[in-house]
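Okay, so here's the structure we're looking at.
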Amino acid sequence: MLDYVKGEVAELAPANAVIDCHGVGYMLNISLNTYSAIQGKKECKLFVYEAIREDAHVLFGFATKQERELFLLLITVSGIGGNTARMILSALSPSELVNVISTENTHLLKSVKGIGLKTAQRIIVELKDKIQTDGIAMGAAAAVVDMPKADTVNREVQQEAVAALTMLGFPAAPSQKVVYAILKEEPTAPVEKVIKLALKRL
């Protein structure tokens with residue numbers, strides 16, 4: 001089983017990354033937090049979770065072990081698969097997620113697309129004690145990533161945000177509408193912020 005991949009960042013989008021390891025390109029699904037952490041870097045190290053299904057082997061990549069640990073905890077909850085866990089970790093940073101679970105903030109958790117009240121309550125009930133006993137809370141606090149400043153044209157941000165949202169499973173038309181509205185409100189917002197806002201509106 002893969003533990004991590006380390007190499008050149010061959011391709012990078014808000015929803016996935018291709019890491020070139022000695023001529024072999026590994027495609028990994030990533031969260032916005034990981035995207036922010038490796039954006040602008042020529043090389044990186046991503047911790048890996050390998051989801052083996054009947055029809056495919058899917059790799060998920062994480063900039064920190066803490067984020068991977070939170071992902072692994074999330075997918076133990078009934079009804080939470082890899083893509084939903086990634087969605088949660090895109091809408092909330094590791095430290096925010098730990099805080100939400102520790103303080104039983106169901107309101108903020110159910111603001112994530114696809115997470116209803118019952119699922120939010122289930123996540124909190126099943127993971128609150130695990131997070132405290134596994135010591136993830138302290139590690140996650142160190143995993144907060146500063147958002148990079150916007151350095152791209154709005155159109156590029158719009159296209160990248162819509163592409164990421166469609167990769168996450170949202171229809172293109174409503175994604176474009178929401179992203180356009182967000183950029184009208186915040187013209188200088190970086191792509192990861194636009195996507196985070198869109199996840200709460202779609």
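The chains in the structure tokens are called A, B, ... from first to last as shown; in each chain the residues are counted from 1, and the ligands are counted from 1 in the order shown.
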As number ranges by chain, which residues of region 31-98 of chain A does DSSP assign to helix (DSSP H, G or I)?
A: 32-38, 65-74, 82-91, 94-98
For region 163-176 of chain A, please output as a VMD selection string all residues within 12 Å (counting only C-alpha atoms; exclusion window: fewer than 3 positions along the same chain).
chain A and resid 12 to 17 29 to 32 35 82 to 88 90 113 to 114 155 to 160 179 to 183 191 to 192 194 to 202
Selection from above, N, CA and C atoms, as a compact mmCIF listing (two decimals), in the first residue's frame, can you write it?
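Output saved as again_6.txt:
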```txt
# COMPACT_ATOMS: atom_id res chain seq x y z
N LEU A 12 -1.56 20.56 -11.67
CA LEU A 12 -2.25 20.91 -10.43
C LEU A 12 -3.53 21.66 -10.72
N ALA A 13 -4.62 21.17 -10.14
CA ALA A 13 -5.93 21.83 -10.21
C ALA A 13 -6.51 21.77 -8.80
N PRO A 14 -7.53 22.58 -8.51
CA PRO A 14 -8.09 22.58 -7.15
C PRO A 14 -8.62 21.24 -6.67
N ALA A 15 -8.95 20.33 -7.61
CA ALA A 15 -9.52 19.05 -7.21
C ALA A 15 -8.57 17.87 -7.37
N ASN A 16 -7.46 18.06 -8.10
CA ASN A 16 -6.53 16.94 -8.26
C ASN A 16 -5.13 17.43 -8.60
N ALA A 17 -4.18 16.52 -8.44
CA ALA A 17 -2.78 16.82 -8.74
C ALA A 17 -2.13 15.60 -9.36
N ASN A 29 -6.58 12.67 -6.06
CA ASN A 29 -7.68 13.58 -5.72
C ASN A 29 -7.28 14.34 -4.45
N ILE A 30 -7.43 15.65 -4.46
CA ILE A 30 -7.00 16.46 -3.32
C ILE A 30 -8.11 17.40 -2.87
N SER A 31 -7.96 17.90 -1.64
CA SER A 31 -8.88 18.90 -1.11
C SER A 31 -8.34 20.29 -1.41
N LEU A 32 -9.15 21.29 -1.17
CA LEU A 32 -8.69 22.67 -1.37
C LEU A 32 -7.57 23.03 -0.40
N TYR A 35 -4.49 21.69 -1.98
CA TYR A 35 -4.21 22.54 -3.14
C TYR A 35 -3.51 23.82 -2.71
N GLY A 82 -15.38 8.63 0.04
CA GLY A 82 -14.17 9.41 -0.20
C GLY A 82 -14.44 10.80 -0.73
N ASN A 83 -15.35 10.92 -1.69
CA ASN A 83 -15.62 12.23 -2.28
C ASN A 83 -16.32 13.17 -1.30
N THR A 84 -17.22 12.61 -0.48
CA THR A 84 -17.89 13.44 0.52
C THR A 84 -16.89 13.91 1.58
N ALA A 85 -15.99 13.01 1.99
CA ALA A 85 -14.96 13.39 2.96
C ALA A 85 -14.07 14.48 2.38
N ARG A 86 -13.73 14.37 1.11
CA ARG A 86 -12.92 15.39 0.46
C ARG A 86 -13.68 16.71 0.39
N MET A 87 -14.98 16.64 0.15
CA MET A 87 -15.81 17.84 0.11
C MET A 87 -15.78 18.56 1.46
N ILE A 88 -15.89 17.79 2.53
CA ILE A 88 -15.86 18.36 3.88
C ILE A 88 -14.51 19.03 4.13
N SER A 90 -12.58 20.24 1.96
CA SER A 90 -12.42 21.39 1.08
C SER A 90 -13.16 22.60 1.64
N LYS A 113 -22.05 21.09 1.39
CA LYS A 113 -22.94 20.48 0.40
C LYS A 113 -23.02 18.96 0.60
N GLY A 114 -24.25 18.43 0.67
CA GLY A 114 -24.45 16.99 0.78
C GLY A 114 -24.51 16.48 2.20
N ARG A 155 -11.14 35.71 -15.07
CA ARG A 155 -11.64 34.69 -15.99
C ARG A 155 -10.97 33.35 -15.74
N GLU A 156 -9.67 33.40 -15.46
CA GLU A 156 -8.94 32.16 -15.17
C GLU A 156 -9.46 31.54 -13.88
N VAL A 157 -9.68 32.39 -12.88
CA VAL A 157 -10.22 31.91 -11.61
C VAL A 157 -11.59 31.28 -11.82
N GLN A 158 -12.41 31.94 -12.62
CA GLN A 158 -13.75 31.44 -12.90
C GLN A 158 -13.70 30.07 -13.57
N GLN A 159 -12.87 29.95 -14.59
CA GLN A 159 -12.78 28.68 -15.32
C GLN A 159 -12.24 27.56 -14.42
N GLU A 160 -11.23 27.88 -13.61
CA GLU A 160 -10.63 26.87 -12.74
C GLU A 160 -11.62 26.43 -11.67
N VAL A 179 -20.36 30.72 -9.31
CA VAL A 179 -18.99 31.24 -9.36
C VAL A 179 -18.98 32.68 -9.88
N TYR A 180 -19.77 32.93 -10.91
CA TYR A 180 -19.85 34.28 -11.47
C TYR A 180 -20.37 35.27 -10.42
N ALA A 181 -21.39 34.85 -9.68
CA ALA A 181 -21.97 35.72 -8.64
C ALA A 181 -20.95 36.03 -7.55
N ILE A 182 -20.18 35.02 -7.17
CA ILE A 182 -19.16 35.20 -6.11
C ILE A 182 -18.08 36.17 -6.58
N LEU A 183 -17.64 36.01 -7.83
CA LEU A 183 -16.58 36.88 -8.35
C LEU A 183 -17.07 38.32 -8.54
N VAL A 191 -8.92 31.36 -6.24
CA VAL A 191 -9.80 30.28 -6.70
C VAL A 191 -10.28 29.39 -5.56
N GLU A 192 -9.40 29.09 -4.59
CA GLU A 192 -9.84 28.19 -3.51
C GLU A 192 -10.92 28.82 -2.64
N VAL A 194 -13.14 31.02 -3.78
CA VAL A 194 -14.34 30.99 -4.62
C VAL A 194 -15.01 29.61 -4.53
N ILE A 195 -14.21 28.56 -4.58
CA ILE A 195 -14.76 27.20 -4.52
C ILE A 195 -15.38 26.93 -3.15
N LYS A 196 -14.71 27.37 -2.10
CA LYS A 196 -15.26 27.18 -0.75
C LYS A 196 -16.61 27.86 -0.60
N LEU A 197 -16.71 29.07 -1.12
CA LEU A 197 -17.99 29.80 -1.05
C LEU A 197 -19.05 29.10 -1.90
N ALA A 198 -18.63 28.62 -3.06
CA ALA A 198 -19.56 27.95 -3.96
C ALA A 198 -20.10 26.67 -3.35
N LEU A 199 -19.25 25.95 -2.60
CA LEU A 199 -19.68 24.69 -1.97
C LEU A 199 -20.83 24.93 -1.00
N LYS A 200 -20.89 26.13 -0.43
CA LYS A 200 -21.95 26.44 0.53
C LYS A 200 -23.22 26.94 -0.15
N ARG A 201 -23.11 27.32 -1.42
CA ARG A 201 -24.26 27.89 -2.13
C ARG A 201 -24.93 26.92 -3.10
N LEU A 202 -24.17 25.96 -3.59
CA LEU A 202 -24.73 25.05 -4.60
C LEU A 202 -25.72 24.07 -3.97
```
Selection: 12 Å around Leu70 (chain A), only C-alpha atoms, excl. self and same-chain fewer than 4 positions, as a ChimeraX atom specification:
/A:49,62,64-66,74-77,82,85-86,88-89,92-98,101,123,127-128,130-132,134-137,139-140,143
Could you pull out all residues of region 9-177 of chain A with a DSSP call of strand (DSSP E or B) and give them as a PyMOL selection string?
chain A and resi 9-13+16-21+24-29+43-52+57-62
Near Ala120 (chain A), within 8 Å and counting only C-alpha atoms, which residues show up once chain neighbours fewer than 5 positions away are dropped, as a PyMOL selection string?
chain A and resi 106+109-110+115
For CA of Glu185 (chain A) and CA of Asn99 (chain A), determine how far apart the two atoms are, in Å to one decimal place.
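Interatomic distance here is 28.3 Å.
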Which residue of A:Thr34, A:Glu11, A:Val100, A:Asp20 approaches Glu67 (chain A) most closely, using only C-alpha atoms:
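Ranking A:Thr34, A:Glu11, A:Val100, A:Asp20 by distance to Glu67 (chain A), first place goes to A:Thr34.
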Please identify all polymer residues within 8 Å of Leu28 (chain A), counting only C-alpha atoms, omitting same-chain residues fewer than 5 positions from it, and present them as a compact mmCIF listing (two decimals) with C-alpha atoms, in the first residue's frame.
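Output contents, as saved in selection-v5.txt:
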```txt
# COMPACT_ATOMS: atom_id res chain seq x y z
CA ASN A 16 -6.53 16.94 -8.26
CA ALA A 17 -2.78 16.82 -8.74
CA VAL A 18 -0.39 14.76 -10.85
CA ILE A 19 2.91 14.04 -9.11
CA VAL A 58 -8.54 5.87 -6.70
CA LEU A 59 -5.77 7.77 -4.93
CA PHE A 60 -6.41 10.61 -2.49
CA GLY A 61 -3.51 12.91 -1.58
```
Find the residues near Ser78 (chain A): any atom within 10 Å, counting only C-alpha atoms, skip ones fewer than 5 places away on the same chain, and give them as a PyMOL selection string.
chain A and resi 119+122-123+126
